[in-house]
Structures are given as C-alpha cells and as structure tokens.
file start02.cif (mmCIF, C-alpha atoms)
data_model
loop_
_atom_site.label_atom_id
_atom_site.label_comp_id
_atom_site.auth_asym_id
_atom_site.auth_seq_id
_atom_site.Cartn_x
_atom_site.Cartn_y
_atom_site.Cartn_z
CA MET A 7 97.80 104.02 138.55
CA LYS A 8 97.38 107.47 140.07
CA ARG A 9 94.46 109.54 138.91
CA MET A 10 96.66 112.35 137.55
CA GLU A 11 98.50 109.91 135.30
CA GLY A 12 95.26 108.42 134.09
CA GLU A 13 94.06 111.81 132.99
CA ARG A 14 97.01 112.29 130.67
CA MET A 15 96.35 109.08 128.78
CA VAL A 16 94.95 108.58 125.32
CA GLU A 17 93.43 105.46 123.88
CA VAL A 18 94.91 104.16 120.63
CA LEU A 19 92.82 101.79 118.48
CA PHE A 20 94.07 99.40 115.82
CA PHE A 21 92.22 97.73 113.00
CA ALA A 22 92.73 95.10 110.32
CA GLU A 23 96.39 94.35 109.58
CA LEU A 24 97.59 96.85 112.20
CA ARG A 25 95.62 94.97 114.86
CA ASP A 26 97.45 91.82 113.81
CA VAL A 27 100.80 93.65 113.86
CA VAL A 28 100.28 95.07 117.35
CA GLY A 29 98.60 91.93 118.62
CA LYS A 30 95.80 93.79 120.40
CA ASP A 31 92.94 96.07 119.48
CA LYS A 32 93.99 98.98 121.69
CA LEU A 33 96.70 100.50 123.82
CA THR A 34 96.45 103.19 126.45
CA VAL A 35 99.48 105.48 126.34
CA ALA A 36 100.65 108.78 127.82
CA ALA A 37 100.59 111.14 124.83
CA ASP A 38 98.91 114.33 126.04
CA GLY A 39 100.32 117.29 124.08
CA MET A 40 102.09 115.16 121.46
CA THR A 41 101.43 115.25 117.74
CA ILE A 42 100.38 112.04 116.02
CA THR A 43 103.88 111.83 114.56
CA GLU A 44 105.42 112.07 118.04
CA LEU A 45 102.98 109.52 119.41
CA LYS A 46 104.04 107.10 116.69
CA GLU A 47 107.75 107.70 117.38
CA LYS A 48 107.35 107.33 121.13
CA TRP A 49 104.98 104.38 121.35
CA LEU A 50 104.77 102.50 118.08
CA THR A 51 108.30 102.17 116.64
CA SER A 52 108.70 98.66 118.02
CA TYR A 53 105.86 97.53 115.74
CA GLY A 54 107.42 99.04 112.62
CA VAL A 55 106.40 102.66 112.10
CA GLU A 56 106.26 102.43 108.30
CA LYS A 57 103.12 100.31 108.66
CA PHE A 58 101.46 103.14 110.57
CA ASN A 59 102.59 105.73 108.04
CA VAL A 60 100.36 104.27 105.32
CA ALA A 61 97.37 104.43 107.67
CA MET A 62 95.06 107.36 108.15
CA VAL A 63 94.51 108.69 111.63
CA ALA A 64 91.19 109.52 113.20
CA ILE A 65 90.92 111.51 116.39
CA ASN A 66 87.62 111.06 118.17
CA GLU A 67 86.14 109.50 115.03
CA GLU A 68 87.19 112.22 112.56
CA TYR A 69 90.12 112.04 110.13
CA ALA A 70 93.00 114.25 111.23
CA PRO A 71 96.47 115.09 109.87
CA ASP A 72 99.63 113.79 111.57
CA ASP A 73 100.57 117.21 112.97
CA THR A 74 97.42 117.41 115.09
CA LEU A 75 98.04 117.73 118.83
CA VAL A 76 96.59 114.97 120.94
CA LYS A 77 94.80 115.77 124.19
CA ALA A 78 94.32 113.55 127.20
CA GLY A 79 91.13 111.56 126.83
CA ASP A 80 91.27 111.54 123.02
CA VAL A 81 90.63 108.32 121.13
CA ILE A 82 93.18 107.89 118.36
CA ALA A 83 92.46 105.31 115.67
CA PHE A 84 94.94 104.09 113.07
CA ILE A 85 92.96 103.34 109.94
CA PRO A 86 94.74 101.29 107.29
CA PRO A 87 93.51 101.71 103.71
CA VAL A 88 89.84 100.79 103.82
CA SER A 89 88.24 97.98 101.82
CA GLY A 90 84.55 97.99 102.61
CA GLY A 91 81.81 97.43 100.08
CA MET B 20 65.52 108.16 116.31
CA GLU B 21 65.26 106.16 113.11
CA LYS B 22 68.62 104.67 112.18
CA ASN B 23 69.36 104.85 108.46
CA TYR B 24 73.08 104.10 108.59
CA TRP B 25 74.27 101.09 110.47
CA ILE B 26 76.74 98.24 110.83
CA THR B 27 75.38 94.77 111.56
CA GLU B 28 76.64 91.27 112.25
CA GLU B 29 73.38 89.76 110.99
CA PRO B 30 72.52 88.80 107.39
CA ILE B 31 71.26 91.86 105.48
CA GLN B 32 67.67 91.96 104.28
CA LEU B 33 67.46 94.36 101.34
CA GLN B 34 63.80 95.07 102.06
CA ASP B 35 64.74 96.53 105.47
CA VAL B 36 67.00 99.09 103.77
CA MET B 37 64.42 99.93 101.09
CA ASP B 38 61.66 100.38 103.65
CA LYS B 39 63.65 103.18 105.30
CA VAL B 40 63.58 105.38 102.19
CA VAL B 41 60.03 104.86 100.95
CA ARG B 42 58.09 108.15 100.89
CA ARG B 43 55.22 109.63 98.97
CA GLU B 44 57.22 112.15 96.94
CA ALA B 45 59.66 109.50 95.68
CA GLY B 46 59.12 108.01 92.23
CA ALA B 47 62.30 105.96 92.29
CA ILE B 48 64.29 103.88 94.73
CA SER B 49 67.65 102.71 93.50
CA THR B 50 69.24 99.90 95.48
CA PHE B 51 72.77 98.60 95.30
CA THR B 52 73.99 95.41 96.95
CA GLY B 53 77.62 94.42 97.17
CA ILE B 54 78.02 90.67 97.49
CA VAL B 55 80.89 88.33 98.21
CA ARG B 56 82.55 87.20 94.98
CA GLU B 57 84.11 83.76 94.71
CA PHE B 58 86.85 84.45 92.16
CA THR B 59 89.07 87.54 91.98
CA LYS B 60 91.68 87.50 89.19
CA GLY B 61 91.43 83.72 89.07
CA LYS B 62 91.97 83.24 92.80
CA ARG B 63 89.27 81.44 94.72
CA THR B 64 87.90 83.06 97.88
CA LEU B 65 86.57 80.66 100.51
CA TYR B 66 84.93 83.40 102.59
CA LEU B 67 85.50 86.99 103.70
CA GLU B 68 85.86 88.47 107.13
CA TYR B 69 84.85 92.12 107.60
CA GLN B 70 85.87 94.38 110.47
CA ALA B 71 84.70 97.94 111.18
CA TYR B 72 85.44 100.83 113.50
CA ILE B 73 81.73 100.75 114.20
CA PRO B 74 80.89 104.20 115.64
CA MET B 75 83.03 106.03 113.09
CA ALA B 76 81.82 103.84 110.22
CA GLU B 77 78.20 104.66 111.05
CA LYS B 78 79.09 108.38 111.19
CA LYS B 79 80.84 108.21 107.82
CA LEU B 80 77.89 106.38 106.25
CA ALA B 81 75.65 109.15 107.55
CA GLN B 82 78.06 111.72 106.10
CA ILE B 83 77.70 110.05 102.69
CA GLY B 84 73.92 110.34 103.00
CA GLN B 85 74.36 114.02 103.81
CA GLU B 86 76.65 114.52 100.80
CA ILE B 87 74.03 112.88 98.57
CA ALA B 88 71.34 115.17 99.95
CA GLU B 89 73.51 118.20 99.17
CA LYS B 90 74.49 117.05 95.67
CA TRP B 91 71.12 115.87 94.39
CA GLY B 92 68.61 117.43 96.75
CA ASN B 93 65.36 115.79 97.80
CA THR B 94 66.91 112.40 98.49
CA LYS B 95 66.51 109.90 101.27
CA THR B 96 69.31 107.39 101.80
CA ALA B 97 69.84 104.27 103.90
CA ILE B 98 73.00 102.18 104.04
CA VAL B 99 73.87 99.02 105.97
CA HIS B 100 77.20 97.18 105.99
CA ARG B 101 77.68 93.74 107.49
CA ILE B 102 80.78 92.64 109.43
CA GLY B 103 82.06 89.27 110.63
CA LYS B 104 82.31 86.16 108.49
CA LEU B 105 80.52 86.27 105.13
CA ASP B 106 80.15 83.37 102.72
CA ILE B 107 80.17 83.55 98.92
CA SER B 108 77.14 85.42 97.50
CA GLU B 109 76.10 86.88 100.85
CA ILE B 110 75.33 90.61 100.96
CA ALA B 111 78.15 92.71 102.43
CA VAL B 112 76.60 96.13 101.82
CA ALA B 113 73.18 97.42 100.81
CA ILE B 114 72.31 100.96 99.76
CA ALA B 115 68.90 102.44 98.99
CA VAL B 116 68.30 105.96 97.71
CA SER B 117 64.87 107.38 97.00
CA THR B 118 64.36 110.42 94.77
CA PRO B 119 61.48 111.94 92.83
CA HIS B 120 63.00 110.82 89.50
CA ARG B 121 65.11 107.81 88.54
CA LYS B 122 68.27 109.43 87.18
CA ASP B 123 69.22 110.97 90.51
CA ALA B 124 68.59 107.67 92.30
CA PHE B 125 70.92 105.76 89.96
CA GLU B 126 73.67 108.36 90.23
CA ALA B 127 73.39 108.75 93.98
CA SER B 128 73.57 105.03 94.72
CA GLU B 129 76.72 104.73 92.61
CA TYR B 130 78.20 107.73 94.41
CA ALA B 131 77.40 106.06 97.75
CA ILE B 132 79.29 102.84 97.02
CA ASP B 133 82.26 104.76 95.60
CA ARG B 134 82.46 106.91 98.74
CA ILE B 135 82.14 103.86 101.02
CA LYS B 136 85.30 102.51 99.42
CA GLU B 137 87.09 105.80 100.08
CA ILE B 138 86.18 107.02 103.55
CA VAL B 139 84.34 104.43 105.64
CA PRO B 140 86.54 102.55 108.13
CA ILE B 141 85.63 98.99 107.16
CA TRP B 142 88.10 96.31 106.12
CA LYS B 143 87.83 92.94 104.48
CA LYS B 144 90.12 90.00 105.02
CA GLU B 145 90.36 87.48 102.22
CA HIS B 146 90.43 83.83 103.22
CA TRP B 147 91.83 81.75 100.39
CA GLU B 148 92.74 78.08 100.24
CA ASP B 149 96.40 78.98 100.72
CA GLY B 150 96.29 81.91 103.12
CA THR B 151 94.70 85.14 104.30
CA LEU B 152 95.24 88.87 103.73
CA TRP B 153 93.68 92.09 104.93
CA ILE B 154 92.82 93.94 101.74
CA GLY B 155 93.46 97.66 101.53
CA ASP B 156 92.82 100.07 98.72
CA GLN B 157 96.57 100.61 98.80
CA GLN B 158 97.18 97.04 97.70
CA GLU B 159 94.51 97.19 95.02
CA THR B 160 94.73 100.56 93.30
CA THR B 161 96.09 103.72 94.87
CA ALA B 162 98.44 104.45 97.71
CA TYR B 163 97.63 107.07 100.30
CA LYS B 164 99.78 110.16 100.32
CA GLN B 165 100.38 111.91 103.63
CA GLY B 166 98.37 109.21 105.35
CA MET B 167 95.03 110.16 103.86
CA PRO B 168 93.07 109.51 100.69
CA ALA B 169 93.17 112.44 98.27
CA LYS B 170 89.46 113.17 98.65
CA VAL B 171 89.69 113.43 102.43
CA GLN B 172 92.65 115.80 102.05
CA MET B 173 90.69 117.94 99.62
CA GLU B 174 87.77 118.23 101.99
CA MET B 175 90.05 119.24 104.82
CA LYS B 176 91.55 122.01 102.70
CA GLN B 177 88.10 123.24 101.81
CA GLY B 178 87.19 123.16 105.49
CA GLU B 179 90.18 125.38 106.30
CA LYS B 180 89.02 128.03 103.84
CA GLU B 181 85.53 128.22 105.26
#
call {"tool": "encode", "arguments": {"input": "start02.cif", "output": "structure tokens"}}
result
Amino acid sequence: MKRMEGERMVEVLFFAELRDVVGKDKLTVAADGMTITELKEKWLTSYGVEKFNVAMVAINEEYAPDDTLVKAGDVIAFIPPVSGG
Amino acid sequence: MEKNYWITEEPIQLQDVMDKVVRREAGAISTFTGIVREFTKGKRTLYLEYQAYIPMAEKKLAQIGQEIAEKWGNTKTAIVHRIGKLDISEIAVAIAVSTPHRKDAFEASEYAIDRIKEIVPIWKKEHWEDGTLWIGDQQETTAYKQGMPAKVQMEMKQGEKE
C-alpha cells in the first residue's frame, strides 16, 4: 500500500455481537471525510447495517453522533448496547 | 500515577479497591461488588464472558469518578471491572467511594454502578446450557434512540450550549 493511501485510512473496531457478525475485531478502511452514516453505507452494508444502527459510535474513545465527519487516522468504535456491571 | 479506574483479567480483590480510597478525612467507605448470578428469570447461567473496549472503558470509569466528585464533593472513588471468563459468584465489578459522611458514600456508589451500566463500553456474554448470547441493555430494558443512550445525548446537548 502506498503511503498516501495509508494516511487516508481509519481504523474501525467491533465489539461483542458486532465482532461476531463481522468476524474480526477491526477493519482498516478508506473513510477520510465521510460521516459515520456514510462509512456504514460504504463499508458495512454487507454485514447488515441495521445491526450497526442500534450501536453507539465512539471516535477516538468519545461518543459521537452519526453525522460526525471522520478524519484519517481516527479510531472508530461501534459500541453495541453495553452490559457491564 | 496512581490508577483508580481499571480493567483487569485477574480475580478482583475488594481490599485493593478499598485501599485506594482510604484517607484521613473520610468517615465512610461504601463498597459495591457486582457478582455473577447463577439464575436469571429461571434460566441457569454456566458462566459469563466479559469483553471491554479497554482504553475507553477506563476513561469512562474515570469520568464517573469525576461526576461523583462534582455531585457530592469531597469524594474519592476507585472502580475495577474484570473481563474474560467469570464463574458463578465471582466478582465482575467492584466500586469503593470514600466520603466524610456515610450518606454520600451510599448514594455515590449506587450512582457509580448505574452509570457503569449506561456509558462504559463493557459487554457480557451469557453461556447457558443451551446456547450463548451477548447481552445488551437493548435486549433487557430500553432501546437506544439515534444510536446513543438518552443520558449520553443529554450530556452532548449540554456540551453544545457551553
């Protein structure tokens, strides 16, 4: 992979049932400048987007709404309803 | 720096959590431990498996400690949550809050466990005799709207005003 391409990538993390759905704990995708909604439509539809729509999203470890723009280098985490405690 | 909020794969020792909040001005330490229950609505759990988004979970636990400090004042809080495989009656989470007087300690420790169940990215997977399931708040009580729990949404709106 060329360096320029690498710089436009974001890391997407999956947990709990979404990790089982995707079959891996993370993906690296080109999503610089997209919203979370666009990222889902472009990269996650094959896994069934409705499953991602009930999850929260965290960008760089803080909750963020779906219309937030993603920047290269960001870490996006899909957080299904939590059940700690 | 002293770490008061952490995720561990090791069995939790309640004394370790308590020790972090002992101080001379405190007259009360309230502790809460959440443990693995065998029967839920008549269904037998064999064991639980917990997973966490570790760096964010530790940040959110620290945020809860900060919220407690703001709400009750003069508090010191420590919280540990275990991940991995947990057997029946093992400790999944332990909270300790020290305050000058007992009422605040009781209230703050209850607040802490309630908030953990709302905002901390930790998940449990039930292992039953006849199958497994990742448990989400959505399946138990309330569904998220717009992809976020109501309390997180509220905080974001407040943040926008400031």
call {"tool": "residues_around", "arguments": {"input": "start02.cif", "residues": "region 28-42 of chain A", "least_positions_apart": "2", "cutoff": "6 Å", "atoms": "only C-alpha atoms", "output": "list in words"}}
result
Arg14, Met15, Val16, Glu17, Val18, Leu19, Phe20, Arg25, Asp26, Glu44, Leu45, Asp72, Asp73, Thr74, Leu75, Val76, Lys77 and Ala78 of chain A
call {"tool": "closest_residue", "arguments": {"input": "start02.cif", "among": "B:Gly155, B:Gln85, B:Arg63, B:Ala97", "to": "Met62 (chain A)", "atoms": "only C-alpha atoms"}}
result
B:Gly155
call {"tool": "interface_residues", "arguments": {"input": "start02.cif", "of": "chain A", "to": "chain B", "cutoff": "8 Å", "atoms": "all atoms listed in the file", "output": "PDB file with C-alpha atoms, in the frame of the given file"}}
result
ATOM      1  CA  PHE A  21      92.220  97.730 113.000  1.00  0.00           C
ATOM      2  CA  ALA A  22      92.730  95.100 110.320  1.00  0.00           C
ATOM      3  CA  GLU A  23      96.390  94.350 109.580  1.00  0.00           C
ATOM      4  CA  ASN A  59     102.590 105.730 108.040  1.00  0.00           C
ATOM      5  CA  VAL A  60     100.360 104.270 105.320  1.00  0.00           C
ATOM      6  CA  ALA A  61      97.370 104.430 107.670  1.00  0.00           C
ATOM      7  CA  MET A  62      95.060 107.360 108.150  1.00  0.00           C
ATOM      8  CA  VAL A  63      94.510 108.690 111.630  1.00  0.00           C
ATOM      9  CA  GLU A  67      86.140 109.500 115.030  1.00  0.00           C
ATOM     10  CA  GLU A  68      87.190 112.220 112.560  1.00  0.00           C
ATOM     11  CA  TYR A  69      90.120 112.040 110.130  1.00  0.00           C
ATOM     12  CA  PRO A  71      96.470 115.090 109.870  1.00  0.00           C
ATOM     13  CA  ASP A  72      99.630 113.790 111.570  1.00  0.00           C
ATOM     14  CA  ILE A  85      92.960 103.340 109.940  1.00  0.00           C
ATOM     15  CA  PRO A  86      94.740 101.290 107.290  1.00  0.00           C
ATOM     16  CA  PRO A  87      93.510 101.710 103.710  1.00  0.00           C
ATOM     17  CA  VAL A  88      89.840 100.790 103.820  1.00  0.00           C
ATOM     18  CA  SER A  89      88.240  97.980 101.820  1.00  0.00           C
ATOM     19  CA  GLY A  90      84.550  97.990 102.610  1.00  0.00           C
ATOM     20  CA  GLY A  91      81.810  97.430 100.080  1.00  0.00           C
TER      21      GLY A  91
END
call {"tool": "resolve_selection", "arguments": {"input": "start02.cif", "expression": "the PyMOL selection byres ((chain B and resi 91) around 9)", "output": "PyMOL selection string"}}
result
chain B and resi 86-90+92-94+118+123-124+126-127
call {"tool": "closest_residue", "arguments": {"input": "start02.cif", "among": "B:Lys39, B:Glu77, B:Leu33, B:Thr59", "to": "Glu21 (chain B)", "atoms": "only C-alpha atoms"}}
result
B:Lys39
call {"tool": "residues_around", "arguments": {"input": "start02.cif", "residues": "Asn66 (chain A)", "least_positions_apart": "6", "cutoff": "7 Å", "atoms": "all atoms listed in the file", "output": "ChimeraX atom specification"}}
result
/A:80-82
